[in-house]
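A.B. asks: So that we are looking at the same thing, I have put the structure below in structure tokens.
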Amino acid sequence: AQSVTQPDIHITVSEGASLELRCNYSYGATPYLFWYVQSPGQGLQLLLKYFSGDTLVQGIKGFEAEFKRSQSSFNLRKPSVHWSDAAEYFCAVGEGNNDMRFGAGTRLTVKP
Amino acid sequence: SQTIHQWPATLVQPVGSPLSLECTVEGTSNPNLYWYRQAAGRGLQLLFYSVGIGQISSEVPQNLSASRPQDRQFILSSKKLLLSDSGFYLCAWSVISYNEQFFGPGTRLTVL
């Protein structure tokens with residue numbers, strides 16, 4: 001069955017430190033991959049997406065993600081975290097005629 | 001440009017009362033439409049999706065229902081709310097099923 005896993009429920013990093021949020025998926029073919037961010041009480045905003053081509057994708061707000069087919073992963077990274085990055089992050093995967101599926105989310109806390 | 005609206009923004013309802021949440025999309029035609037729910041501290045749960053007027057698919061059996069009376073209007077309803085219906089309800093749309101979804105601002109529902 002198709003699944004999206006975000007192994008980390010909650011991550012805390014210091015402001016200015018680097019960040020990596022993990023996402024693994026289980027799909028039959030190369031899926032379409034997305035990262036969304038949700039601030040408290042808000043809807044979801046797309047950070048970046050991968051369809052094909054270069055496996056390192058740049059997004060908004062200084063985020064990037066790398067698609068690794070061999071590991072079935074699409075991890076989100078940021079070299080230096082800002083306090084405003086504190087939010088919930090969702091990985092999502094879509095494929096073929098199937099609707100997009102979301103991971104359970106990772107809550108990011110940024111320490112001053 | 002496309003926009004998505006949800007109302008009301010917040011709602012407090014007693015147990016056993018009816019519910020009607022509305023979602024409308026502007027600037028696009030024949031979108032796929034989705035209703036999600038987020039319980040406190042939980043991820044996104046897909047409730048319903050629709051690929052066209054009058055076409056509704058339910059992901060999870062429950063006391064909620066959805067309708068799509070017009071191309072860009074999606075309504076979430078209940079005849080009798082339960083305490084467990086409390087949560088944050090998000091509407092989203094997409095051009096095709098596996099592609100990027102665009103989210104509304106959400107409705108915070110509290111059932112007392």
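How things are named: the first chain in the structure tokens is A, the next is B, and so on; residues count from 1 in each chain; ligands count from 1 in the order shown.
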Tell me, as a short mmCIF file (atom, residue, chain, number, x, y, z; two decimals) with all heavy atoms, in the first residue's frame, which residues lie within 10 Å of stretch 20-36 of chain B, counting only C-alpha atoms; anything in the same chain fewer than 5 positions away does not count.
C.D. replies:
data_model
loop_
_atom_site.label_atom_id
_atom_site.label_comp_id
_atom_site.auth_asym_id
_atom_site.auth_seq_id
_atom_site.Cartn_x
_atom_site.Cartn_y
_atom_site.Cartn_z
N ASP A 99 -4.85 10.13 -5.54
CA ASP A 99 -4.73 11.43 -4.92
C ASP A 99 -3.49 11.51 -4.06
O ASP A 99 -2.92 10.51 -3.66
CB ASP A 99 -5.98 11.71 -4.08
CG ASP A 99 -7.16 12.07 -4.94
OD1 ASP A 99 -7.04 13.00 -5.74
OD2 ASP A 99 -8.18 11.38 -4.83
N SER B 1 -5.91 35.18 -11.03
CA SER B 1 -5.28 34.17 -10.19
C SER B 1 -6.37 33.42 -9.40
O SER B 1 -7.48 33.89 -9.26
CB SER B 1 -4.28 34.80 -9.24
OG SER B 1 -4.94 35.67 -8.35
N GLN B 2 -5.99 32.24 -8.94
CA GLN B 2 -6.93 31.41 -8.24
C GLN B 2 -6.93 31.72 -6.73
O GLN B 2 -5.88 31.97 -6.16
CB GLN B 2 -6.61 29.93 -8.44
CG GLN B 2 -6.59 29.49 -9.88
CD GLN B 2 -5.22 29.66 -10.51
OE1 GLN B 2 -4.28 30.07 -9.86
NE2 GLN B 2 -5.13 29.34 -11.79
N THR B 3 -8.09 31.69 -6.16
CA THR B 3 -8.20 31.86 -4.70
C THR B 3 -9.20 30.85 -4.17
O THR B 3 -10.09 30.39 -4.88
CB THR B 3 -8.65 33.27 -4.32
OG1 THR B 3 -9.88 33.56 -4.99
CG2 THR B 3 -7.61 34.31 -4.65
N ILE B 4 -9.03 30.51 -2.91
CA ILE B 4 -9.93 29.57 -2.25
C ILE B 4 -10.40 30.18 -0.94
O ILE B 4 -9.59 30.72 -0.18
CB ILE B 4 -9.26 28.19 -2.06
CG1 ILE B 4 -10.21 27.22 -1.33
CG2 ILE B 4 -7.92 28.30 -1.37
CD1 ILE B 4 -9.71 25.78 -1.33
N HIS B 5 -11.68 30.10 -0.71
CA HIS B 5 -12.28 30.70 0.48
C HIS B 5 -12.96 29.63 1.32
O HIS B 5 -13.55 28.69 0.77
CB HIS B 5 -13.32 31.75 0.07
CG HIS B 5 -12.80 32.82 -0.82
ND1 HIS B 5 -12.08 33.90 -0.37
CD2 HIS B 5 -12.89 32.96 -2.18
CE1 HIS B 5 -11.76 34.67 -1.40
NE2 HIS B 5 -12.23 34.13 -2.50
N GLN B 6 -12.88 29.83 2.61
CA GLN B 6 -13.60 28.96 3.53
C GLN B 6 -14.32 29.83 4.56
O GLN B 6 -13.74 30.81 5.05
CB GLN B 6 -12.65 28.03 4.29
CG GLN B 6 -12.11 26.89 3.49
CD GLN B 6 -11.30 25.94 4.36
OE1 GLN B 6 -10.10 25.81 4.19
NE2 GLN B 6 -11.97 25.26 5.30
N TRP B 7 -15.51 29.42 4.90
CA TRP B 7 -16.20 30.08 6.00
C TRP B 7 -17.18 29.14 6.68
O TRP B 7 -17.63 28.18 6.05
CB TRP B 7 -16.91 31.37 5.56
CG TRP B 7 -18.00 31.21 4.58
CD1 TRP B 7 -19.33 31.01 4.83
CD2 TRP B 7 -17.86 31.29 3.17
NE1 TRP B 7 -20.01 30.94 3.66
CE2 TRP B 7 -19.14 31.12 2.62
CE3 TRP B 7 -16.78 31.48 2.30
CZ2 TRP B 7 -19.37 31.16 1.26
CZ3 TRP B 7 -17.01 31.50 0.96
CH2 TRP B 7 -18.29 31.34 0.45
N PRO B 8 -17.38 29.39 7.95
CA PRO B 8 -16.77 30.46 8.74
C PRO B 8 -15.33 30.13 9.11
O PRO B 8 -14.88 29.01 8.92
CB PRO B 8 -17.66 30.50 9.99
CG PRO B 8 -18.10 29.09 10.15
CD PRO B 8 -18.28 28.55 8.74
N ALA B 9 -14.63 31.09 9.67
CA ALA B 9 -13.26 30.88 10.11
C ALA B 9 -13.23 30.08 11.41
O ALA B 9 -12.35 29.25 11.63
CB ALA B 9 -12.54 32.21 10.30
N LEU B 11 -15.98 28.27 14.55
CA LEU B 11 -17.36 27.88 14.83
C LEU B 11 -17.39 27.09 16.13
O LEU B 11 -16.57 26.18 16.31
CB LEU B 11 -17.89 27.03 13.68
CG LEU B 11 -19.38 26.70 13.64
CD1 LEU B 11 -20.22 27.96 13.57
CD2 LEU B 11 -19.67 25.80 12.45
N GLY B 43 -2.00 14.83 12.18
CA GLY B 43 -1.80 15.16 10.78
C GLY B 43 -3.10 15.37 10.04
O GLY B 43 -4.17 15.48 10.63
N LEU B 44 -2.99 15.42 8.73
CA LEU B 44 -4.15 15.64 7.87
C LEU B 44 -4.88 14.33 7.62
O LEU B 44 -4.28 13.33 7.24
CB LEU B 44 -3.71 16.21 6.53
CG LEU B 44 -3.19 17.64 6.55
CD1 LEU B 44 -2.46 17.93 5.25
CD2 LEU B 44 -4.33 18.61 6.74
N GLN B 45 -6.18 14.36 7.80
CA GLN B 45 -7.02 13.21 7.48
C GLN B 45 -7.92 13.59 6.33
O GLN B 45 -8.73 14.51 6.45
CB GLN B 45 -7.85 12.80 8.70
CG GLN B 45 -8.76 11.61 8.44
CD GLN B 45 -9.70 11.33 9.60
OE1 GLN B 45 -10.11 12.25 10.32
NE2 GLN B 45 -10.04 10.07 9.78
N LEU B 46 -7.79 12.90 5.20
CA LEU B 46 -8.66 13.18 4.06
C LEU B 46 -10.05 12.64 4.36
O LEU B 46 -10.21 11.46 4.66
CB LEU B 46 -8.09 12.53 2.80
CG LEU B 46 -8.91 12.72 1.53
CD1 LEU B 46 -9.01 14.19 1.15
CD2 LEU B 46 -8.31 11.90 0.38
N LEU B 47 -11.04 13.51 4.26
CA LEU B 47 -12.42 13.12 4.52
C LEU B 47 -13.17 12.82 3.23
O LEU B 47 -13.81 11.77 3.10
CB LEU B 47 -13.14 14.24 5.28
CG LEU B 47 -12.56 14.66 6.63
CD1 LEU B 47 -13.32 15.86 7.18
CD2 LEU B 47 -12.58 13.51 7.60
N PHE B 48 -13.15 13.76 2.31
CA PHE B 48 -13.89 13.62 1.06
C PHE B 48 -13.09 14.26 -0.07
O PHE B 48 -12.31 15.19 0.15
CB PHE B 48 -15.25 14.34 1.13
CG PHE B 48 -16.16 13.84 2.21
CD1 PHE B 48 -16.20 14.49 3.44
CD2 PHE B 48 -16.98 12.75 2.00
CE1 PHE B 48 -17.03 14.04 4.45
CE2 PHE B 48 -17.82 12.29 3.00
CZ PHE B 48 -17.83 12.93 4.23
N TYR B 49 -13.32 13.76 -1.28
CA TYR B 49 -12.81 14.45 -2.44
C TYR B 49 -13.82 14.34 -3.57
O TYR B 49 -14.65 13.42 -3.60
CB TYR B 49 -11.42 13.98 -2.86
CG TYR B 49 -11.35 12.58 -3.39
CD1 TYR B 49 -11.42 12.31 -4.75
CD2 TYR B 49 -11.14 11.51 -2.52
CE1 TYR B 49 -11.33 11.03 -5.23
CE2 TYR B 49 -11.04 10.22 -3.00
CZ TYR B 49 -11.13 9.98 -4.35
OH TYR B 49 -11.03 8.71 -4.83
N SER B 50 -13.71 15.30 -4.49
CA SER B 50 -14.68 15.37 -5.57
C SER B 50 -13.96 15.75 -6.86
O SER B 50 -13.18 16.68 -6.89
CB SER B 50 -15.74 16.42 -5.25
OG SER B 50 -16.57 16.67 -6.37
N VAL B 51 -14.27 15.02 -7.93
CA VAL B 51 -13.67 15.31 -9.23
C VAL B 51 -14.63 16.05 -10.14
O VAL B 51 -14.27 16.43 -11.26
CB VAL B 51 -13.15 14.04 -9.92
CG1 VAL B 51 -12.07 13.38 -9.06
CG2 VAL B 51 -14.29 13.06 -10.18
N GLY B 52 -15.88 16.25 -9.68
CA GLY B 52 -16.84 16.97 -10.49
C GLY B 52 -18.14 17.19 -9.73
O GLY B 52 -18.34 16.64 -8.63
N ILE B 53 -19.03 17.96 -10.33
CA ILE B 53 -20.32 18.27 -9.69
C ILE B 53 -21.05 16.98 -9.36
O ILE B 53 -21.20 16.10 -10.21
CB ILE B 53 -21.18 19.15 -10.61
CG1 ILE B 53 -20.51 20.51 -10.80
CG2 ILE B 53 -22.58 19.35 -10.01
CD1 ILE B 53 -21.23 21.40 -11.79
N ILE B 56 -18.82 12.62 -5.30
CA ILE B 56 -18.18 12.68 -4.00
C ILE B 56 -17.64 11.30 -3.65
O ILE B 56 -18.36 10.31 -3.76
CB ILE B 56 -19.17 13.11 -2.89
CG1 ILE B 56 -19.90 14.39 -3.28
CG2 ILE B 56 -18.45 13.26 -1.55
CD1 ILE B 56 -19.03 15.61 -3.39
N SER B 57 -16.41 11.26 -3.20
CA SER B 57 -15.82 10.03 -2.69
C SER B 57 -15.48 10.23 -1.22
O SER B 57 -14.91 11.26 -0.85
CB SER B 57 -14.56 9.66 -3.46
OG SER B 57 -14.85 9.39 -4.80
N SER B 58 -15.84 9.26 -0.41
CA SER B 58 -15.60 9.34 1.01
C SER B 58 -14.43 8.44 1.38
O SER B 58 -14.37 7.29 0.95
CB SER B 58 -16.84 8.90 1.79
OG SER B 58 -16.56 8.85 3.17
N LEU B 64 -20.21 12.65 8.91
CA LEU B 64 -20.10 13.81 8.05
C LEU B 64 -20.46 13.43 6.63
O LEU B 64 -20.33 12.27 6.23
CB LEU B 64 -18.67 14.36 8.09
CG LEU B 64 -18.15 14.84 9.44
CD1 LEU B 64 -16.67 15.20 9.32
CD2 LEU B 64 -18.94 16.03 9.94
N SER B 65 -20.88 14.42 5.86
CA SER B 65 -21.15 14.22 4.44
C SER B 65 -20.66 15.44 3.68
O SER B 65 -20.39 16.49 4.26
CB SER B 65 -22.65 14.00 4.20
OG SER B 65 -23.38 15.15 4.60
N ALA B 66 -20.51 15.29 2.38
CA ALA B 66 -20.06 16.38 1.54
C ALA B 66 -20.94 16.46 0.31
O ALA B 66 -21.51 15.46 -0.13
CB ALA B 66 -18.60 16.21 1.15
N SER B 67 -21.03 17.66 -0.23
CA SER B 67 -21.78 17.85 -1.47
C SER B 67 -21.07 18.88 -2.32
O SER B 67 -20.32 19.73 -1.82
CB SER B 67 -23.21 18.31 -1.16
OG SER B 67 -23.21 19.56 -0.49
N ARG B 68 -21.30 18.76 -3.61
CA ARG B 68 -20.71 19.71 -4.57
C ARG B 68 -21.83 20.15 -5.49
O ARG B 68 -22.01 19.60 -6.58
CB ARG B 68 -19.58 19.06 -5.35
CG ARG B 68 -18.85 20.02 -6.27
CD ARG B 68 -17.59 19.37 -6.82
NE ARG B 68 -16.90 20.25 -7.76
CZ ARG B 68 -15.71 19.97 -8.29
NH1 ARG B 68 -15.11 18.85 -7.97
NH2 ARG B 68 -15.15 20.80 -9.14
N GLN B 70 -22.18 23.01 -7.08
CA GLN B 70 -21.68 23.77 -8.22
C GLN B 70 -20.23 23.42 -8.46
O GLN B 70 -19.57 22.85 -7.58
CB GLN B 70 -21.82 25.28 -7.96
CG GLN B 70 -23.24 25.75 -7.70
CD GLN B 70 -23.30 27.25 -7.45
OE1 GLN B 70 -22.66 28.03 -8.15
NE2 GLN B 70 -24.09 27.65 -6.46
N ASP B 71 -19.73 23.78 -9.61
CA ASP B 71 -18.38 23.37 -10.02
C ASP B 71 -17.31 23.77 -9.01
O ASP B 71 -16.37 23.03 -8.75
CB ASP B 71 -18.06 23.99 -11.38
CG ASP B 71 -16.67 23.59 -11.86
OD1 ASP B 71 -16.32 22.39 -11.73
OD2 ASP B 71 -15.94 24.46 -12.37
N ARG B 72 -17.47 24.97 -8.42
CA ARG B 72 -16.41 25.48 -7.55
C ARG B 72 -16.88 25.67 -6.11
O ARG B 72 -16.35 26.50 -5.38
CB ARG B 72 -15.87 26.80 -8.13
CG ARG B 72 -15.09 26.58 -9.41
CD ARG B 72 -14.80 27.88 -10.13
NE ARG B 72 -16.00 28.45 -10.73
CZ ARG B 72 -16.06 29.60 -11.37
NH1 ARG B 72 -14.99 30.35 -11.47
NH2 ARG B 72 -17.18 30.04 -11.90
N GLN B 73 -17.87 24.88 -5.72
CA GLN B 73 -18.40 24.97 -4.38
C GLN B 73 -18.41 23.59 -3.74
O GLN B 73 -18.92 22.61 -4.34
CB GLN B 73 -19.82 25.55 -4.40
CG GLN B 73 -20.42 25.76 -3.02
CD GLN B 73 -21.87 26.22 -3.10
OE1 GLN B 73 -22.59 25.90 -4.05
NE2 GLN B 73 -22.29 26.99 -2.11
N PHE B 74 -17.89 23.51 -2.55
CA PHE B 74 -17.78 22.22 -1.86
C PHE B 74 -18.26 22.44 -0.43
O PHE B 74 -17.76 23.33 0.26
CB PHE B 74 -16.33 21.75 -1.87
CG PHE B 74 -16.14 20.27 -1.75
CD1 PHE B 74 -17.12 19.36 -2.08
CD2 PHE B 74 -14.91 19.76 -1.32
CE1 PHE B 74 -16.92 18.00 -1.99
CE2 PHE B 74 -14.69 18.40 -1.21
CZ PHE B 74 -15.70 17.53 -1.55
N ILE B 75 -19.21 21.63 0.01
CA ILE B 75 -19.84 21.85 1.31
C ILE B 75 -19.65 20.61 2.17
O ILE B 75 -19.85 19.48 1.71
CB ILE B 75 -21.34 22.16 1.15
CG1 ILE B 75 -21.50 23.48 0.37
CG2 ILE B 75 -22.01 22.27 2.51
CD1 ILE B 75 -22.92 23.79 -0.01
N LEU B 76 -19.29 20.84 3.41
CA LEU B 76 -19.16 19.76 4.39
C LEU B 76 -20.29 19.91 5.39
O LEU B 76 -20.50 20.99 5.93
CB LEU B 76 -17.81 19.84 5.10
CG LEU B 76 -17.52 18.74 6.12
CD1 LEU B 76 -17.30 17.41 5.42
CD2 LEU B 76 -16.27 19.10 6.94
N SER B 77 -21.00 18.80 5.64
CA SER B 77 -22.19 18.87 6.48
C SER B 77 -22.24 17.75 7.49
O SER B 77 -21.57 16.72 7.35
CB SER B 77 -23.46 18.79 5.61
OG SER B 77 -23.48 19.78 4.63
N SER B 78 -23.05 18.00 8.50
CA SER B 78 -23.40 16.95 9.45
C SER B 78 -24.80 17.23 9.97
O SER B 78 -25.18 18.39 10.16
CB SER B 78 -22.42 16.91 10.62
OG SER B 78 -22.84 15.97 11.59
N LYS B 79 -25.55 16.18 10.22
CA LYS B 79 -26.89 16.35 10.78
C LYS B 79 -26.82 16.50 12.29
O LYS B 79 -27.60 17.23 12.90
CB LYS B 79 -27.77 15.17 10.41
CG LYS B 79 -28.09 15.10 8.92
CD LYS B 79 -29.01 13.93 8.62
CE LYS B 79 -29.34 13.89 7.13
NZ LYS B 79 -30.21 12.74 6.78
N GLY B 87 -12.15 20.04 15.52
CA GLY B 87 -10.88 20.00 14.80
C GLY B 87 -10.77 21.17 13.85
O GLY B 87 -11.60 22.08 13.84
N PHE B 88 -9.72 21.12 13.07
CA PHE B 88 -9.45 22.17 12.08
C PHE B 88 -9.75 21.57 10.72
O PHE B 88 -9.14 20.57 10.32
CB PHE B 88 -7.98 22.59 12.21
CG PHE B 88 -7.62 23.83 11.46
CD1 PHE B 88 -8.32 25.01 11.65
CD2 PHE B 88 -6.56 23.83 10.59
CE1 PHE B 88 -7.99 26.16 10.98
CE2 PHE B 88 -6.20 24.99 9.90
CZ PHE B 88 -6.92 26.15 10.09
N TYR B 89 -10.67 22.19 9.99
CA TYR B 89 -11.12 21.65 8.71
C TYR B 89 -10.53 22.48 7.57
O TYR B 89 -10.68 23.70 7.52
CB TYR B 89 -12.65 21.64 8.62
CG TYR B 89 -13.26 20.58 9.51
CD1 TYR B 89 -13.42 20.80 10.87
CD2 TYR B 89 -13.62 19.35 8.99
CE1 TYR B 89 -13.95 19.82 11.70
CE2 TYR B 89 -14.14 18.36 9.81
CZ TYR B 89 -14.30 18.60 11.16
OH TYR B 89 -14.82 17.62 11.97
N LEU B 90 -9.89 21.77 6.67
CA LEU B 90 -9.23 22.42 5.55
C LEU B 90 -9.85 21.96 4.25
O LEU B 90 -10.07 20.77 4.04
CB LEU B 90 -7.74 22.09 5.54
CG LEU B 90 -6.91 22.76 6.63
CD1 LEU B 90 -5.59 22.02 6.81
CD2 LEU B 90 -6.65 24.21 6.27
N CYS B 91 -10.10 22.92 3.39
CA CYS B 91 -10.54 22.64 2.03
C CYS B 91 -9.35 22.88 1.10
O CYS B 91 -8.52 23.77 1.37
CB CYS B 91 -11.69 23.56 1.66
SG CYS B 91 -12.37 23.31 0.00
N ALA B 92 -9.25 22.11 0.06
CA ALA B 92 -8.16 22.27 -0.90
C ALA B 92 -8.67 21.96 -2.29
O ALA B 92 -9.68 21.29 -2.47
CB ALA B 92 -6.98 21.35 -0.55
N TRP B 93 -7.93 22.47 -3.28
CA TRP B 93 -8.27 22.15 -4.67
C TRP B 93 -6.99 21.82 -5.43
O TRP B 93 -5.89 22.21 -5.05
CB TRP B 93 -9.02 23.30 -5.34
CG TRP B 93 -8.20 24.51 -5.66
CD1 TRP B 93 -7.96 25.59 -4.85
CD2 TRP B 93 -7.53 24.79 -6.90
NE1 TRP B 93 -7.17 26.51 -5.49
CE2 TRP B 93 -6.88 26.06 -6.74
CE3 TRP B 93 -7.40 24.12 -8.11
CZ2 TRP B 93 -6.13 26.63 -7.77
CZ3 TRP B 93 -6.65 24.70 -9.12
CH2 TRP B 93 -6.02 25.94 -8.95
N SER B 94 -7.15 21.09 -6.52
CA SER B 94 -6.03 20.80 -7.40
C SER B 94 -6.54 20.71 -8.83
O SER B 94 -7.74 20.54 -9.07
CB SER B 94 -5.34 19.49 -7.00
OG SER B 94 -6.16 18.38 -7.29
N VAL B 95 -5.60 20.84 -9.76
CA VAL B 95 -5.95 20.71 -11.17
C VAL B 95 -6.15 19.24 -11.53
O VAL B 95 -7.10 18.86 -12.20
CB VAL B 95 -4.86 21.34 -12.05
CG1 VAL B 95 -5.15 21.08 -13.52
CG2 VAL B 95 -4.76 22.84 -11.78
N ILE B 96 -5.22 18.40 -11.07
CA ILE B 96 -5.31 16.95 -11.26
C ILE B 96 -4.97 16.26 -9.97
O ILE B 96 -4.35 16.86 -9.08
CB ILE B 96 -4.39 16.47 -12.41
CG1 ILE B 96 -3.00 17.06 -12.24
CG2 ILE B 96 -4.99 16.79 -13.75
CD1 ILE B 96 -2.02 16.62 -13.31
N SER B 97 -5.32 14.99 -9.88
CA SER B 97 -5.34 14.31 -8.58
C SER B 97 -3.99 14.23 -7.92
O SER B 97 -3.89 14.37 -6.71
CB SER B 97 -5.91 12.90 -8.75
OG SER B 97 -5.09 12.16 -9.63
N GLN B 101 -1.75 20.63 -4.37
CA GLN B 101 -3.04 21.08 -3.84
C GLN B 101 -2.86 22.46 -3.22
O GLN B 101 -1.85 22.74 -2.59
CB GLN B 101 -3.57 20.09 -2.80
CG GLN B 101 -3.96 18.76 -3.40
CD GLN B 101 -4.58 17.80 -2.41
OE1 GLN B 101 -4.95 18.18 -1.29
NE2 GLN B 101 -4.72 16.56 -2.80
N PHE B 102 -3.89 23.26 -3.38
CA PHE B 102 -3.90 24.61 -2.83
C PHE B 102 -4.94 24.66 -1.71
O PHE B 102 -6.08 24.27 -1.91
CB PHE B 102 -4.24 25.63 -3.92
CG PHE B 102 -3.29 25.61 -5.07
CD1 PHE B 102 -3.51 24.78 -6.16
CD2 PHE B 102 -2.16 26.42 -5.07
CE1 PHE B 102 -2.62 24.75 -7.23
CE2 PHE B 102 -1.28 26.41 -6.14
CZ PHE B 102 -1.51 25.57 -7.22
N PHE B 103 -4.52 25.14 -0.57
CA PHE B 103 -5.35 25.06 0.62
C PHE B 103 -6.01 26.37 0.98
O PHE B 103 -5.44 27.45 0.80
CB PHE B 103 -4.51 24.59 1.81
CG PHE B 103 -4.17 23.12 1.75
CD1 PHE B 103 -3.13 22.67 0.97
CD2 PHE B 103 -4.93 22.21 2.47
CE1 PHE B 103 -2.83 21.31 0.90
CE2 PHE B 103 -4.65 20.86 2.41
CZ PHE B 103 -3.60 20.41 1.63
N GLY B 104 -7.21 26.24 1.53
CA GLY B 104 -7.88 27.38 2.10
C GLY B 104 -7.34 27.69 3.49
O GLY B 104 -6.51 26.95 4.01
N GLY B 106 -8.86 27.47 6.34
CA GLY B 106 -9.33 26.55 7.37
C GLY B 106 -10.46 27.10 8.22
O GLY B 106 -10.67 28.31 8.31
N THR B 107 -11.18 26.16 8.84
CA THR B 107 -12.24 26.48 9.80
C THR B 107 -11.96 25.73 11.09
O THR B 107 -11.81 24.51 11.09
CB THR B 107 -13.62 26.06 9.28
OG1 THR B 107 -13.96 26.82 8.14
CG2 THR B 107 -14.69 26.26 10.36
N LEU B 109 -13.38 24.25 14.23
CA LEU B 109 -14.67 23.82 14.78
C LEU B 109 -14.47 23.26 16.18
O LEU B 109 -13.66 22.36 16.38
CB LEU B 109 -15.30 22.74 13.89
CG LEU B 109 -16.56 22.06 14.45
CD1 LEU B 109 -17.70 23.07 14.58
CD2 LEU B 109 -16.98 20.88 13.58
#
A.B. asks: Within 9 Å of A:Gln45, counting only C-alpha atoms, which residues show up once you throw out same-chain ones fewer than 6 positions away? Write them as a compact mmCIF listing (two decimals) with all heavy atoms, in the first residue's frame, please.
C.D. replies:
# COMPACT_ATOMS: atom_id res chain seq x y z
N TRP A 35 6.63 19.30 -0.36
CA TRP A 35 6.73 19.71 1.03
C TRP A 35 5.85 20.94 1.24
O TRP A 35 5.93 21.91 0.47
CB TRP A 35 8.17 20.05 1.44
CG TRP A 35 8.98 18.87 1.87
CD1 TRP A 35 9.90 18.18 1.14
CD2 TRP A 35 8.95 18.24 3.16
NE1 TRP A 35 10.44 17.16 1.89
CE2 TRP A 35 9.87 17.19 3.14
CE3 TRP A 35 8.24 18.49 4.34
CZ2 TRP A 35 10.11 16.36 4.23
CZ3 TRP A 35 8.48 17.68 5.43
CH2 TRP A 35 9.41 16.62 5.38
N TYR A 36 5.05 20.87 2.31
CA TYR A 36 4.20 21.98 2.70
C TYR A 36 4.57 22.43 4.10
O TYR A 36 5.04 21.65 4.92
CB TYR A 36 2.73 21.55 2.73
CG TYR A 36 2.07 21.33 1.39
CD1 TYR A 36 2.20 20.12 0.72
CD2 TYR A 36 1.29 22.33 0.81
CE1 TYR A 36 1.58 19.92 -0.50
CE2 TYR A 36 0.66 22.13 -0.40
CZ TYR A 36 0.81 20.93 -1.05
OH TYR A 36 0.19 20.73 -2.25
N VAL A 37 4.25 23.71 4.38
CA VAL A 37 4.44 24.25 5.72
C VAL A 37 3.11 24.81 6.20
O VAL A 37 2.33 25.37 5.41
CB VAL A 37 5.54 25.32 5.75
CG1 VAL A 37 5.19 26.51 4.86
CG2 VAL A 37 5.81 25.79 7.18
N GLN A 38 2.85 24.63 7.50
CA GLN A 38 1.62 25.13 8.09
C GLN A 38 1.95 25.88 9.37
O GLN A 38 2.44 25.28 10.33
CB GLN A 38 0.66 23.98 8.39
CG GLN A 38 -0.68 24.45 8.95
CD GLN A 38 -1.60 23.31 9.33
OE1 GLN A 38 -1.15 22.25 9.73
NE2 GLN A 38 -2.89 23.52 9.20
N SER A 39 1.65 27.16 9.38
CA SER A 39 1.77 27.94 10.61
C SER A 39 0.52 27.71 11.44
O SER A 39 -0.52 27.35 10.90
CB SER A 39 1.94 29.43 10.27
OG SER A 39 3.13 29.63 9.55
N PHE B 102 -3.89 23.26 -3.38
CA PHE B 102 -3.90 24.61 -2.83
C PHE B 102 -4.94 24.66 -1.71
O PHE B 102 -6.08 24.27 -1.91
CB PHE B 102 -4.24 25.63 -3.92
CG PHE B 102 -3.29 25.61 -5.07
CD1 PHE B 102 -3.51 24.78 -6.16
CD2 PHE B 102 -2.16 26.42 -5.07
CE1 PHE B 102 -2.62 24.75 -7.23
CE2 PHE B 102 -1.28 26.41 -6.14
CZ PHE B 102 -1.51 25.57 -7.22
N PHE B 103 -4.52 25.14 -0.57
CA PHE B 103 -5.35 25.06 0.62
C PHE B 103 -6.01 26.37 0.98
O PHE B 103 -5.44 27.45 0.80
CB PHE B 103 -4.51 24.59 1.81
CG PHE B 103 -4.17 23.12 1.75
CD1 PHE B 103 -3.13 22.67 0.97
CD2 PHE B 103 -4.93 22.21 2.47
CE1 PHE B 103 -2.83 21.31 0.90
CE2 PHE B 103 -4.65 20.86 2.41
CZ PHE B 103 -3.60 20.41 1.63
A.B. asks: So which one's closest to A:Phe34, A:Leu56, A:Thr5, A:Phe102, A:Ile11? Using only C-alpha atoms, please.
C.D. replies: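 Between A:Leu56, A:Thr5, A:Phe102, A:Ile11, the residue approaching A:Phe34 most closely is A:Phe102.
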A.B. asks: Counting only C-alpha atoms, what are the residues of chain A within 8 Å of chain B, and for each of them which pair of atoms is the nearest and at what distance in Å, to one decimal? Sort the table by chain and rising number, as a tab-separated table.
C.D. replies:
residue	atom	partner	partner_atom	distance
A:Tyr32	CA	B:Tyr98	CA	7.1
A:Phe34	CA	B:Glu100	CA	7.5
A:Gly41	CA	B:Gly106	CA	7.6
A:Gln42	CA	B:Pro105	CA	5.4
A:Gly43	CA	B:Pro105	CA	4.5
A:Leu44	CA	B:Phe103	CA	5.7
A:Gln45	CA	B:Phe103	CA	7.2
A:Leu46	CA	B:Phe102	CA	7.9
A:Lys49	CA	B:Glu100	CA	8.0
A:Val93	CA	B:Tyr98	CA	7.7
A:Gly94	CA	B:Tyr98	CA	4.3
A:Glu95	CA	B:Tyr98	CA	5.4
A:Gly96	CA	B:Tyr98	CA	6.3
A:Asn97	CA	B:Ser97	CA	6.3
A:Asn98	CA	B:Tyr98	CA	6.0
A:Asp99	CA	B:Ser97	CA	4.7
A:Met100	CA	B:Tyr98	CA	5.2
A:Phe102	CA	B:Leu44	CA	6.7
A:Gly103	CA	B:Gly43	CA	7.1
A:Ala104	CA	B:Gly43	CA	4.4
A:Gly105	CA	B:Gly43	CA	5.7
A.B. asks: Quote the spacing between atom CA of A:Ala87 and atom CA of B:Leu82 in Å to one decimal place.
C.D. replies: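 Going from atom CA of A:Ala87 over to atom CA of B:Leu82 covers 28.8 Å.
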A.B. asks: Restricting the calculation to only C-alpha atoms: of A:Arg22, A:His82, A:Leu48, A:Leu76, which residue gets closest to A:His10?
C.D. replies: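 Result for the nearest residue to A:His10: A:Arg22.
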A.B. asks: For A:Gly62, find every residue with an atom within 10 Å (counting only C-alpha atoms), except residues of its own chain fewer than 4 positions away, and show them as a PDB file with C-alpha atoms, in the first residue's frame.
C.D. replies:
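This is the output file out_33.pdb:
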ATOM      1  CA  LEU A  47       7.414  25.053  -0.086  1.00  0.00           C
ATOM      2  CA  GLN A  58      14.965  24.686  -4.455  1.00  0.00           C
ATOM      3  CA  ARG A  77      16.788  20.974   4.376  1.00  0.00           C
ATOM      4  CA  LYS A  78      17.657  24.502   5.317  1.00  0.00           C
ATOM      5  CA  PRO A  79      21.210  25.632   6.073  1.00  0.00           C
ATOM      6  CA  SER A  80      20.281  28.221   8.713  1.00  0.00           C
ATOM      7  CA  VAL A  81      16.952  28.213  10.530  1.00  0.00           C
TER       8      VAL A  81
END
